[in-house]
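**Q** CSV, C-alpha atoms, saved as target_38.csv, coming up:
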```
chain,number,residue,atom,x,y,z
S,1,MET,CA,50.4,-31.6,-82.5
S,2,LYS,CA,48.0,-33.4,-80.2
S,3,ARG,CA,49.8,-32.0,-77.2
S,4,MET,CA,49.4,-28.5,-78.5
S,5,ARG,CA,45.7,-29.0,-79.0
S,6,SER,CA,45.4,-30.3,-75.5
S,7,ARG,CA,47.1,-27.3,-74.1
S,8,LEU,CA,45.0,-25.0,-76.1
S,9,VAL,CA,41.8,-26.6,-74.8
S,10,SER,CA,43.1,-26.3,-71.3
S,11,ILE,CA,43.9,-22.6,-71.8
S,12,LEU,CA,40.4,-22.0,-73.3
S,13,LEU,CA,38.8,-23.7,-70.3
S,14,ILE,CA,40.7,-21.6,-67.8
S,15,ILE,CA,39.7,-18.4,-69.7
S,16,ALA,CA,36.1,-19.6,-69.7
S,17,MET,CA,36.2,-20.1,-65.9
S,18,LEU,CA,37.7,-16.7,-65.3
S,19,THR,CA,35.1,-15.1,-67.5
S,20,THR,CA,32.2,-16.7,-65.5
S,21,MET,CA,33.7,-15.6,-62.1
S,22,LEU,CA,34.3,-12.0,-63.1
S,23,PRO,CA,30.6,-10.8,-62.9
S,24,VAL,CA,30.3,-12.4,-59.4
S,25,GLN,CA,33.3,-10.4,-58.2
S,26,VAL,CA,32.1,-7.2,-59.7
S,27,PHE,CA,28.6,-7.7,-58.2
S,28,ALA,CA,30.1,-8.4,-54.8
S,29,THR,CA,32.1,-5.2,-55.0
S,30,GLU,CA,29.1,-3.2,-56.0
S,31,LEU,CA,27.2,-4.5,-53.0
S,32,GLU,CA,29.9,-3.3,-50.7
S,33,VAL,CA,30.2,0.2,-52.3
S,34,GLU,CA,26.7,1.1,-53.2
S,35,ALA,CA,24.7,0.9,-50.0
S,36,PRO,CA,20.9,1.8,-50.3
S,37,ALA,CA,20.1,5.3,-49.4
S,38,ASP,CA,17.8,4.3,-46.5
S,39,ILE,CA,20.5,2.4,-44.7
S,40,VAL,CA,22.5,4.4,-42.1
S,41,THR,CA,26.2,3.8,-42.5
S,42,ALA,CA,28.6,3.7,-39.6
S,43,SER,CA,30.0,7.1,-40.5
S,44,GLU,CA,26.7,8.9,-40.1
S,45,PRO,CA,25.5,10.0,-36.6
S,46,ILE,CA,22.8,8.0,-35.0
S,47,GLU,CA,20.2,9.9,-32.9
S,48,VAL,CA,19.2,8.0,-29.7
S,49,PHE,CA,15.9,8.7,-28.0
S,50,SER,CA,15.1,8.1,-24.4
S,51,THR,CA,11.5,8.0,-23.3
S,52,ALA,CA,12.5,9.2,-19.8
S,53,THR,CA,13.8,12.5,-21.2
S,54,GLN,CA,11.0,13.4,-23.6
S,55,SER,CA,9.6,16.9,-22.9
S,56,ASN,CA,6.0,15.8,-23.4
S,57,ILE,CA,6.2,13.4,-20.4
S,58,ALA,CA,5.4,15.1,-17.1
S,59,PRO,CA,7.7,14.3,-14.2
S,60,GLN,CA,6.1,12.2,-11.4
S,61,SER,CA,4.8,14.3,-8.5
S,62,ASP,CA,6.2,13.7,-5.1
S,63,PHE,CA,3.9,13.1,-2.1
S,64,SER,CA,3.4,16.1,0.1
S,65,PHE,CA,3.5,14.9,3.7
S,66,THR,CA,1.6,16.7,6.6
S,67,THR,CA,0.7,16.0,10.2
S,68,ILE,CA,-2.7,15.5,11.9
S,69,SER,CA,-3.0,16.5,15.6
S,70,GLY,CA,-5.6,17.3,18.3
S,71,LYS,CA,-6.3,17.2,22.0
S,72,VAL,CA,-8.5,15.1,24.3
S,73,THR,CA,-9.6,16.6,27.6
S,74,ASP,CA,-12.3,16.1,30.2
S,75,ALA,CA,-15.3,18.4,30.7
S,76,SER,CA,-13.2,20.7,32.8
S,77,GLY,CA,-10.5,21.1,30.1
S,78,ASN,CA,-7.9,18.9,31.8
S,79,GLY,CA,-5.9,16.7,29.5
S,80,VAL,CA,-6.7,13.0,29.4
S,81,ALA,CA,-3.6,10.9,29.0
S,82,GLY,CA,-3.3,7.4,27.5
S,83,VAL,CA,-6.0,7.7,25.0
S,84,SER,CA,-5.3,5.6,21.9
S,85,VAL,CA,-5.7,7.5,18.6
S,86,MET,CA,-6.1,5.4,15.5
S,87,LEU,CA,-5.8,7.1,12.1
S,88,TYR,CA,-6.9,5.3,9.0
S,89,ASN,CA,-6.1,6.3,5.4
S,90,TYR,CA,-9.5,5.9,3.7
S,91,ASP,CA,-8.1,6.4,0.2
S,92,GLU,CA,-5.4,3.8,0.4
S,93,ASN,CA,-7.1,1.5,3.0
S,94,VAL,CA,-4.2,1.5,5.4
S,95,ALA,CA,-3.8,2.3,9.1
S,96,LEU,CA,-1.2,4.8,10.3
S,97,THR,CA,1.0,4.1,13.3
S,98,LEU,CA,-1.0,4.1,16.5
S,99,CYS,CA,-0.4,7.2,18.6
S,100,SER,CA,-1.6,8.2,22.1
S,101,THR,CA,-2.3,11.3,24.1
S,102,SER,CA,0.3,12.9,26.4
S,103,THR,CA,-0.3,14.1,30.0
S,104,SER,CA,-1.7,17.3,28.5
S,105,GLY,CA,-4.1,15.4,26.3
S,106,ALA,CA,-2.3,16.4,23.1
S,107,TRP,CA,-1.6,13.9,20.3
S,108,GLN,CA,0.0,14.0,16.8
S,109,SER,CA,0.4,11.6,13.9
S,110,VAL,CA,3.8,10.1,13.2
S,111,GLU,CA,5.9,12.3,10.9
S,112,TYR,CA,6.0,11.4,7.1
S,113,GLU,CA,2.9,9.2,7.3
S,114,ALA,CA,-0.1,11.5,6.6
S,115,ILE,CA,-0.4,12.7,3.0
S,116,THR,CA,-1.8,16.0,2.0
S,117,GLY,CA,-5.2,15.8,0.2
S,118,TYR,CA,-6.0,12.2,1.5
S,119,THR,CA,-9.0,11.4,3.6
S,120,TYR,CA,-8.5,10.0,7.1
S,121,THR,CA,-10.8,8.5,9.8
S,122,ILE,CA,-9.8,9.2,13.4
S,123,ARG,CA,-11.0,7.0,16.3
S,124,PHE,CA,-10.3,7.4,20.0
S,125,TYR,CA,-10.3,4.6,22.6
S,126,LYS,CA,-9.5,4.3,26.3
S,127,ALA,CA,-11.1,1.7,28.6
S,128,GLY,CA,-13.8,3.2,30.8
S,129,TYR,CA,-14.3,6.3,28.7
S,130,THR,CA,-16.7,7.6,26.2
S,131,PHE,CA,-15.9,10.4,23.7
S,132,SER,CA,-17.9,13.4,22.5
S,133,GLU,CA,-16.9,12.6,18.9
S,134,ASN,CA,-15.5,9.5,17.3
S,135,ASP,CA,-14.8,8.1,13.8
S,136,ILE,CA,-14.1,11.7,12.7
S,137,GLN,CA,-13.4,12.0,9.0
S,138,ILE,CA,-11.1,14.8,7.7
S,139,VAL,CA,-9.1,15.7,4.6
S,140,ALA,CA,-5.4,16.3,5.5
S,141,LEU,CA,-4.3,19.9,4.7
S,142,SER,CA,-0.9,21.1,3.6
S,143,GLY,CA,1.4,21.9,6.4
S,144,SER,CA,-0.7,20.5,9.3
S,145,THR,CA,-4.3,19.7,10.2
S,146,THR,CA,-5.6,20.2,13.8
S,147,ILE,CA,-9.0,18.8,14.7
S,148,ASP,CA,-11.3,20.2,17.3
S,149,THR,CA,-10.8,19.1,21.0
S,150,VAL,CA,-12.6,15.9,21.9
S,151,ILE,CA,-14.2,15.6,25.3
S,152,ALA,CA,-13.6,12.3,27.2
S,153,THR,CA,-16.0,11.2,29.9
S,154,ALA,CA,-15.2,8.5,32.5
S,155,VAL,CA,-17.9,5.9,32.8
S,156,GLU,CA,-18.6,4.2,36.1
S,157,VAL,CA,-18.2,0.4,35.8
S,158,ASN,CA,-21.6,-0.1,37.4
S,159,ASP,CA,-23.2,1.9,34.6
S,160,LEU,CA,-21.8,-0.5,31.9
S,161,GLU,CA,-24.0,-3.2,30.5
S,162,CYS,CA,-22.9,-6.8,31.2
S,163,ASN,CA,-25.5,-9.1,29.8
S,164,PRO,CA,-24.3,-12.7,29.2
S,165,ALA,CA,-27.1,-13.2,26.6
S,166,ASP,CA,-25.4,-10.7,24.3
S,167,TYR,CA,-22.5,-13.0,23.6
S,168,SER,CA,-21.8,-16.0,21.5
S,169,TYR,CA,-19.0,-18.1,22.9
S,170,GLU,CA,-17.2,-21.4,23.0
S,171,VAL,CA,-16.3,-23.5,26.0
S,172,LYS,CA,-13.1,-25.5,25.8
S,173,SER,CA,-11.1,-27.0,28.6
S,174,GLU,CA,-13.3,-25.3,31.2
S,175,THR,CA,-12.5,-21.8,29.7
S,176,VAL,CA,-14.5,-19.5,27.5
S,177,THR,CA,-13.7,-17.7,24.3
S,178,ILE,CA,-16.1,-15.0,23.2
S,179,THR,CA,-16.7,-15.3,19.4
S,180,LYS,CA,-19.3,-12.6,18.8
S,181,TYR,CA,-21.0,-9.7,20.5
S,182,ASN,CA,-24.7,-9.5,19.6
S,183,GLY,CA,-25.9,-6.6,21.6
S,184,ALA,CA,-26.6,-2.9,20.7
S,185,ASP,CA,-25.2,-1.0,23.7
S,186,THR,CA,-22.8,1.8,23.5
S,187,ALA,CA,-20.8,0.9,26.6
S,188,ILE,CA,-20.3,-2.6,27.9
S,189,SER,CA,-18.3,-4.6,30.5
S,190,ILE,CA,-17.0,-8.0,29.3
S,191,PRO,CA,-18.2,-10.6,31.7
S,192,ALA,CA,-15.5,-12.3,33.8
S,193,GLU,CA,-17.4,-15.6,33.6
S,194,LEU,CA,-19.9,-17.3,31.4
S,195,GLU,CA,-21.7,-20.5,32.5
S,196,GLY,CA,-19.4,-20.5,35.6
S,197,TYR,CA,-16.2,-20.7,33.4
S,198,PRO,CA,-13.7,-17.9,33.2
S,199,VAL,CA,-13.5,-15.8,30.0
S,200,VAL,CA,-9.9,-16.0,28.8
S,201,ALA,CA,-10.1,-14.9,25.2
S,202,ILE,CA,-12.0,-12.8,22.6
S,203,GLY,CA,-12.2,-13.8,19.0
S,204,ASP,CA,-10.5,-11.6,16.3
S,205,ARG,CA,-13.9,-10.6,14.8
S,206,ALA,CA,-16.0,-10.6,17.9
S,207,PHE,CA,-16.9,-6.9,17.4
S,208,ALA,CA,-16.8,-6.8,13.6
S,209,ASN,CA,-19.5,-4.5,12.1
S,210,ILE,CA,-20.6,-3.2,15.5
S,211,THR,CA,-21.3,0.5,14.9
S,212,THR,CA,-23.0,1.4,18.2
S,213,LEU,CA,-20.3,0.3,20.6
S,214,LYS,CA,-18.1,3.1,21.9
S,215,THR,CA,-16.6,1.7,25.2
S,216,VAL,CA,-15.5,-1.8,26.2
S,217,TRP,CA,-14.4,-2.5,29.7
S,218,LEU,CA,-12.2,-5.5,30.4
S,219,SER,CA,-12.0,-7.2,33.7
S,220,GLU,CA,-8.5,-7.1,35.3
S,221,THR,CA,-8.8,-10.9,35.8
```
Could you render the structure from this file as structure tokens?
**A**
Amino acid sequence: MKRMRSRLVSILLIIAMLTTMLPVQVFATELEVEAPADIVTASEPIEVFSTATQSNIAPQSDFSFTTISGKVTDASGNGVAGVSVMLYNYDENVALTLCSTSTSGAWQSVEYEAITGYTYTIRFYKAGYTFSENDIQIVALSGSTTIDTVIATAVEVNDLECNPADYSYEVKSETVTITKYNGADTAISIPAELEGYPVVAIGDRAFANITTLKTVWLSET
């Protein structure tokens, strides 16, 4: 009799345990089946957006390259060769590749460097020459831009100013390095000697912010 009661109690405990587990199983099943309406299931298509392909974003414009050209002659219309032509992109603060005049005096910027619509400053230089125009500012046009012919005039060396008092310099190991030009001339000849010592170097910023100077003659020595 006692054994039967014990078995009955055990059976009742098992039934009670099964009864408490049943709601958990059902609840778990409901979670798997009844997904909320705002959750996209794997069977539904997912739309993917890419910012690079949206129609309201304008494509990036490519640069339009052009060329800048001109000619340097003497007063008689003969081409002056070997004139250095420096082009500076004013908008981007960058210098273009240095070019020079041919035997006919013609010059042209390097291809794929000048950009249409950008502002450029053009400067000419050749030792012993002055130019009718310099530091010319232009806006590069589409296709090509040709500036007016520039006249180069040879300057006699004897006509160039060579005033030692116009220079700041350093003497080291019995040689001179010019550190600053303090004059206001338009054409000068760098002295070969200062204080009896040979001039062997010119500082990087010796002519910085000098706006009057057009021609600088260097001694062959």
**Q** Interatomic distance between CA of Val83 in chain S and CA of Asp166 in chain S?
**A**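 According to the coordinates, CA of Val83 in chain S and CA of Asp166 in chain S are separated by 26.7 Å.
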**Q** Under the rule of at most 8 Å, produce a per-residue listing of range 88-117 of chain S near range 138-159 of chain S: chain, number, name, the closest pair of atoms, and the distance in Å, as a Markdown table, using only C-alpha atoms.
**A**
```
| residue | atom | partner | partner_atom | distance |
| --- | --- | --- | --- | --- |
| S:Ala114 | CA | S:Ala140 | CA | 7.2 |
| S:Ile115 | CA | S:Ala140 | CA | 6.6 |
| S:Thr116 | CA | S:Ala140 | CA | 5.0 |
| S:Gly117 | CA | S:Ala140 | CA | 5.3 |
```
**Q** Residues of range 93-130 of chain S that approach range 160-163 of chain S to 12 Å or less, counting all atoms listed in the file: could you list each one with the shortest pair of atoms and its distance in Å to one decimal, rows by chain and increasing residue number, as a tab-separated table?
**A**
```
residue	atom	partner	partner_atom	distance
S:Ala127	CA	S:Leu160	CA	11.4
S:Gly128	CA	S:Leu160	CA	8.9
S:Tyr129	CA	S:Leu160	CA	10.6
S:Thr130	CA	S:Leu160	CA	11.1
```
**Q** Give the answer as one residue: which of S:Ser100, S:Thr67, S:Thr212, S:Thr179 has the shortest atom-to-atom distance to Val80 in chain S, using all atoms listed in the file?
**A**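 Looking at the shortest contact to Val80 in chain S, the residue is S:Ser100.
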**Q** So which residues touch Thr177 in chain S within 7 Å, counting all atoms listed in the file, skipping near sequence neighbours fewer than 2 positions away, as number ranges by chain?
**A** S: 169-171, 175, 179, 199-203
